[in-house]
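Since the structure comes first, as structure tokens, the remarks are kept for the end.
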Amino acid sequence: MFAGKGEAMTTRLYENSVFLEHHTPPGHPERADRLRSLNIALEHPHFAGLERIEAKVANEDAVTLVHPEEQFFAVMRQIPEEDGEINQIEADTYVSERSLQAALTAIGGAMAAVDDVFTGKADNAFVASRPPGHHAEKNKAMGFCLFNTVAIAARHAQKIHGAERVAIVDWDVHHGNGTQDIFWDDPSVLFCSTHQMPLYPGTGAKEDTGVSGNIVNAPLSPNVGSDHFREAFKSRVLSAVKDFSPDLILISAGFDAHHRDPLAQINLVGEDFDWATARLMELADRTANNRVVSVLEGGYDLEALAESAGLHILRLMRG
């Protein structure tokens, strides 16, 4: 499944067993087996050089880099007190006893990854976390997501490391409405998204461009494949990131545009995510001193997720 390695980069993977303790109802696509399948893939010898770091829990102040304090407490109030109990926040978003801990640990991992690439401890990093985050708007948890992890990572880069321009590239098959909502009025952050349209959550039109063209949407029609994706990625996403010349590239790495995924109808293969990763790394080498931080979003077919995320991580390691 995985090709041989080339020139090595220093890549860190952030993980924590608490991510397996965020429970959703039986049959829910966003489940702990997603990370278990990825962990099996990472047993391949090609990943022997991957630095695996335990993510630490972030505090409430990290959440409020993006979300109002009341939104943090709104989620906290929904957390059940008893083990095994699951509460429904909205249509398809659920929390269990350890869900808040998992979400805060995802944030902690993403912030530490940003620290690593700015201090030179790593060239790039991948945060293997759940729940995902890119649907979480400023004032709303939705779409399996409690808080917007990648948005918080961007604000952390700006606040702590003085990043003037941060680019967020989201290739999840579902549009990152939360990230768009958060940065709509902020020209210091570029948000680029490829996604199927029409599809949940119904946002992401090409005409949505933000306050200064800092929102770049590249919607894809159902049933298209690699050629359409790569052309949209080159013409819309890569050109925008190149022109923006960011200090950091963040990736909302969803792998549900794979042809095996049950929640959408885009027909990508694992090599497409490898290709997209390589193209972003080329841009990061030019403008961002190789600084790339990738955070897991969607991907609901276990085999497809393991293959695609594995190729993505291997490309981060290979350069």
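Just so we're on the same page: first chain in the structure tokens is A, next is B, and so on; residues restart at 1 for each chain, and ligands are numbered from 1 in the order they show up.
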Query - Per-residue DSSP, segment 46-131 of chain A, filtered to helix (DSSP H, G or I), as a VMD selection string - result: chain A and resid 46 to 47 60 to 63 69 to 78 99 to 119
**Report entry** 8 Å contact set for Arg98 of chain A, only C-alpha atoms, chain neighbours under 5 positions out, as a PyMOL selection string
**Finding:** chain A and resi 18+21-23+79
Contact check, segment 15-37 of chain A to segment 56-67 of chain A, at most 12 Å, counting only C-alpha atoms, closest pairs as JSON lines:
{"residue": "A:Glu15", "atom": "CA", "partner": "A:Lys56", "partner_atom": "CA", "distance": 9.0}
{"residue": "A:Asn16", "atom": "CA", "partner": "A:Lys56", "partner_atom": "CA", "distance": 8.0}
{"residue": "A:Ser17", "atom": "CA", "partner": "A:Lys56", "partner_atom": "CA", "distance": 10.9}
{"residue": "A:Val18", "atom": "CA", "partner": "A:Val57", "partner_atom": "CA", "distance": 9.8}
{"residue": "A:Phe19", "atom": "CA", "partner": "A:Val57", "partner_atom": "CA", "distance": 11.2}
Query raised in the report: Using only C-alpha atoms, which residues sit within 7 Å of Tyr300 of chain A once same-chain residues fewer than 4 positions away are excluded, as a PyMOL selection string?
Result: chain A and resi 29-30+34+256+261-262+305
Save the residues we just selected, N, CA and C atoms, as a PDB file, in the first residue's frame?
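Heads up, here's the output in selection_31.pdb:
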ATOM      1  N   PRO A  29     -21.396   7.178  12.022  1.00  0.00           N
ATOM      2  CA  PRO A  29     -20.178   7.041  11.208  1.00  0.00           C
ATOM      3  C   PRO A  29     -18.921   7.575  11.883  1.00  0.00           C
ATOM      4  N   GLU A  30     -19.065   8.567  12.769  1.00  0.00           N
ATOM      5  CA  GLU A  30     -17.892   9.144  13.431  1.00  0.00           C
ATOM      6  C   GLU A  30     -17.658   8.361  14.720  1.00  0.00           C
ATOM      7  N   ARG A  34     -12.392   4.540  13.663  1.00  0.00           N
ATOM      8  CA  ARG A  34     -11.658   5.317  12.664  1.00  0.00           C
ATOM      9  C   ARG A  34     -10.184   5.433  13.060  1.00  0.00           C
ATOM     10  N   ASP A 256     -12.993  11.755   3.302  1.00  0.00           N
ATOM     11  CA  ASP A 256     -14.292  11.227   2.891  1.00  0.00           C
ATOM     12  C   ASP A 256     -14.651  11.559   1.452  1.00  0.00           C
ATOM     13  N   ASP A 261     -16.102   6.010   0.475  1.00  0.00           N
ATOM     14  CA  ASP A 261     -16.767   6.606   1.629  1.00  0.00           C
ATOM     15  C   ASP A 261     -18.288   6.578   1.478  1.00  0.00           C
ATOM     16  N   PRO A 262     -19.022   6.250   2.556  1.00  0.00           N
ATOM     17  CA  PRO A 262     -20.474   6.103   2.446  1.00  0.00           C
ATOM     18  C   PRO A 262     -21.265   7.401   2.515  1.00  0.00           C
ATOM     19  N   LEU A 305      -9.966   5.341   4.908  1.00  0.00           N
ATOM     20  CA  LEU A 305      -9.340   6.286   5.830  1.00  0.00           C
ATOM     21  C   LEU A 305      -7.911   5.860   6.156  1.00  0.00           C
TER      22      LEU A 305
END
Query raised in the report: For Asp186 of chain A, which residue out of A:Val166, A:Ala74, A:Val117, A:Met142 is the nearest one, using only C-alpha atoms?
Result: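 Between A:Val166, A:Ala74, A:Val117, A:Met142, the residue approaching Asp186 of chain A most closely is A:Val166.
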Report task. Could you tell me how far atom CA of Phe244 of chain A lies from atom CA of Arg286 of chain A, in Å and to one decimal? Result ->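 One can read the atom CA of Phe244 of chain A to atom CA of Arg286 of chain A distance as 11.8 Å.
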**Report entry** Counting only C-alpha atoms, the option among A:Leu283, A:Ile152, A:Val189, A:Val224 closest to His259 of chain A
**Finding:** A:Val224
Report task. For atom CA of Ala264 of chain A and atom CA of His28 of chain A, quote the distance in Å rounded to one decimal. Result ->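 Atom CA of His28 of chain A lies at a distance of 15.1 Å from atom CA of Ala264 of chain A.
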Query - Pick from A:His161, A:Ile251, A:Pro80, A:Trp275 nearest to Glu231 of chain A, counting only C-alpha atoms - result: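 Nearest to Glu231 of chain A: A:Trp275.
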**Report entry** Separation of atom CA of Leu190 of chain A from atom CA of Asp170 of chain A in Å
**Finding:**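 Taking atom CA of Asp170 of chain A as the start and atom CA of Leu190 of chain A as the end point, the length is 10.8 Å.
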Using DSSP assignments from the backbone, pull out every residue in segment 151-244 of chain A that falls under strand (DSSP E) and give it to me as a tab-separated table (two decimals) with N, CA and C atoms, in the first residue's frame.
chain	number	residue	atom	x	y	z
A	166	VAL	N	-1.98	33.09	7.71
A	166	VAL	CA	-2.19	31.66	7.89
A	166	VAL	C	-3.15	31.18	6.81
A	167	ALA	N	-2.78	30.12	6.10
A	167	ALA	CA	-3.67	29.51	5.11
A	167	ALA	C	-4.21	28.20	5.66
A	168	ILE	N	-5.53	28.02	5.55
A	168	ILE	CA	-6.19	26.77	5.93
A	168	ILE	C	-6.74	26.15	4.66
A	169	VAL	N	-6.31	24.93	4.37
A	169	VAL	CA	-6.80	24.20	3.20
A	169	VAL	C	-7.62	23.02	3.70
A	170	ASP	N	-8.85	22.94	3.24
A	170	ASP	CA	-9.81	21.93	3.71
A	170	ASP	C	-10.24	21.10	2.50
A	189	VAL	N	-6.30	35.48	7.38
A	189	VAL	CA	-6.45	34.03	7.24
A	189	VAL	C	-7.11	33.73	5.90
A	190	LEU	N	-6.47	32.87	5.13
A	190	LEU	CA	-7.02	32.39	3.87
A	190	LEU	C	-7.64	31.02	4.12
A	191	PHE	N	-8.90	30.87	3.73
A	191	PHE	CA	-9.57	29.57	3.85
A	191	PHE	C	-9.93	29.08	2.45
A	192	CYS	N	-9.39	27.91	2.08
A	192	CYS	CA	-9.66	27.31	0.78
A	192	CYS	C	-10.28	25.94	0.99
A	193	SER	N	-11.34	25.63	0.24
A	193	SER	CA	-12.04	24.38	0.44
A	193	SER	C	-12.44	23.74	-0.89
A	194	THR	N	-12.11	22.45	-1.03
A	194	THR	CA	-12.73	21.63	-2.06
A	194	THR	C	-13.75	20.74	-1.36
A	195	HIS	N	-14.92	20.57	-1.96
A	195	HIS	CA	-16.00	19.84	-1.31
A	195	HIS	C	-17.07	19.51	-2.33
A	196	GLN	N	-17.84	18.49	-2.03
A	196	GLN	CA	-18.97	18.15	-2.90
A	196	GLN	C	-20.11	19.14	-2.66
A	215	ILE	N	-11.74	33.91	1.28
A	215	ILE	CA	-12.47	32.65	1.24
A	215	ILE	C	-12.47	32.16	-0.20
A	216	VAL	N	-11.94	30.97	-0.43
A	216	VAL	CA	-11.86	30.41	-1.79
A	216	VAL	C	-12.51	29.04	-1.77
A	217	ASN	N	-13.68	28.94	-2.36
A	217	ASN	CA	-14.39	27.67	-2.44
A	217	ASN	C	-14.28	27.08	-3.84
A	218	ALA	N	-14.05	25.77	-3.87
A	218	ALA	CA	-13.96	25.04	-5.14
A	218	ALA	C	-14.91	23.85	-5.08
A	219	PRO	N	-16.22	24.11	-5.24
A	219	PRO	CA	-17.19	23.01	-5.13
A	219	PRO	C	-17.06	22.03	-6.28
A	220	LEU	N	-17.29	20.75	-5.96
A	220	LEU	CA	-17.22	19.66	-6.93
A	220	LEU	C	-18.59	19.02	-7.08
Requested in this report: Find the residues near Arg36 of chain A: any atom within 9 Å, counting only C-alpha atoms, skip ones fewer than 3 places away on the same chain, and give them as a list in words.
Outcome: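 Skipping anything fewer than 3 positions along the chain leaves Leu20, Ala32, Asp33, Asn39, Ile40, Ala41, Leu302 and Ala306 of chain A.
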Query - Contacts of Leu250 of chain A within 12 Å, only C-alpha atoms, excl. fewer than 6 positions in-chain, as a VMD selection string - result: chain A and resid 110 to 111 113 to 114 117 124 to 127 134 149 to 157 165 to 171 179 189 to 193 241 277 280 to 281 284 288 290 to 296
Please produce a file of the residues just selected, as an mmCIF file, in the first residue's frame, where the atoms kept are C-alpha atoms.
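Final output, out07.cif:
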data_model
loop_
_atom_site.group_PDB
_atom_site.id
_atom_site.type_symbol
_atom_site.label_atom_id
_atom_site.label_comp_id
_atom_site.auth_asym_id
_atom_site.auth_seq_id
_atom_site.Cartn_x
_atom_site.Cartn_y
_atom_site.Cartn_z
ATOM 1 C CA ALA A 110 -2.975 21.076 17.325
ATOM 2 C CA MET A 111 -1.518 23.936 19.341
ATOM 3 C CA ALA A 113 1.991 20.935 16.619
ATOM 4 C CA VAL A 114 1.965 24.625 15.692
ATOM 5 C CA VAL A 117 6.851 23.841 13.455
ATOM 6 C CA ASN A 124 5.370 19.321 9.932
ATOM 7 C CA ALA A 125 2.835 17.453 12.043
ATOM 8 C CA PHE A 126 -0.374 15.466 11.895
ATOM 9 C CA VAL A 127 -2.963 15.493 14.683
ATOM 10 C CA HIS A 134 -14.359 22.146 10.843
ATOM 11 C CA THR A 149 -9.688 22.783 16.190
ATOM 12 C CA VAL A 150 -7.945 24.071 13.075
ATOM 13 C CA ALA A 151 -9.287 27.602 13.576
ATOM 14 C CA ILE A 152 -7.971 27.637 17.130
ATOM 15 C CA ALA A 153 -4.598 26.429 15.840
ATOM 16 C CA ALA A 154 -4.538 29.351 13.397
ATOM 17 C CA ARG A 155 -5.279 31.882 16.130
ATOM 18 C CA HIS A 156 -2.631 30.284 18.348
ATOM 19 C CA ALA A 157 -0.064 30.688 15.566
ATOM 20 C CA ARG A 165 -0.759 35.123 7.279
ATOM 21 C CA VAL A 166 -2.189 31.658 7.887
ATOM 22 C CA ALA A 167 -3.671 29.507 5.112
ATOM 23 C CA ILE A 168 -6.188 26.774 5.932
ATOM 24 C CA VAL A 169 -6.796 24.200 3.204
ATOM 25 C CA ASP A 170 -9.805 21.929 3.709
ATOM 26 C CA TRP A 171 -10.210 18.951 1.381
ATOM 27 C CA THR A 179 -13.993 27.708 9.473
ATOM 28 C CA VAL A 189 -6.451 34.031 7.244
ATOM 29 C CA LEU A 190 -7.019 32.388 3.866
ATOM 30 C CA PHE A 191 -9.567 29.572 3.846
ATOM 31 C CA CYS A 192 -9.659 27.305 0.784
ATOM 32 C CA SER A 193 -12.041 24.375 0.440
ATOM 33 C CA VAL A 241 -2.241 29.846 -1.431
ATOM 34 C CA THR A 277 -0.177 16.946 0.251
ATOM 35 C CA LEU A 280 1.006 22.029 -0.433
ATOM 36 C CA MET A 281 4.410 21.009 0.884
ATOM 37 C CA ALA A 284 5.203 25.596 2.304
ATOM 38 C CA ALA A 288 6.483 29.010 5.225
ATOM 39 C CA ASN A 290 8.086 23.953 5.484
ATOM 40 C CA ARG A 291 5.553 24.655 8.245
ATOM 41 C CA VAL A 292 2.533 22.389 7.698
ATOM 42 C CA VAL A 293 0.146 21.178 10.401
ATOM 43 C CA SER A 294 -2.603 18.750 9.429
ATOM 44 C CA VAL A 295 -5.610 17.895 11.593
ATOM 45 C CA LEU A 296 -7.866 14.904 10.963
#
Requested in this report: Give me the residues within 8 Å of Ala8 of chain A as a PyMOL selection string, counting only C-alpha atoms and dropping any in the same chain fewer than 6 places off.
Outcome: chain A and resi 317-319
Expected file contents, prior selection, C-alpha atoms, as a PDB file, in the first residue's frame:
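The resulting file, part-v7.pdb, is shown below:
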ATOM      1  CA  MET A 317       7.522  12.354   6.307  1.00  0.00           C
ATOM      2  CA  ARG A 318       9.047  12.004   2.854  1.00  0.00           C
ATOM      3  CA  GLY A 319       8.883  15.615   1.769  1.00  0.00           C
TER       4      GLY A 319
END
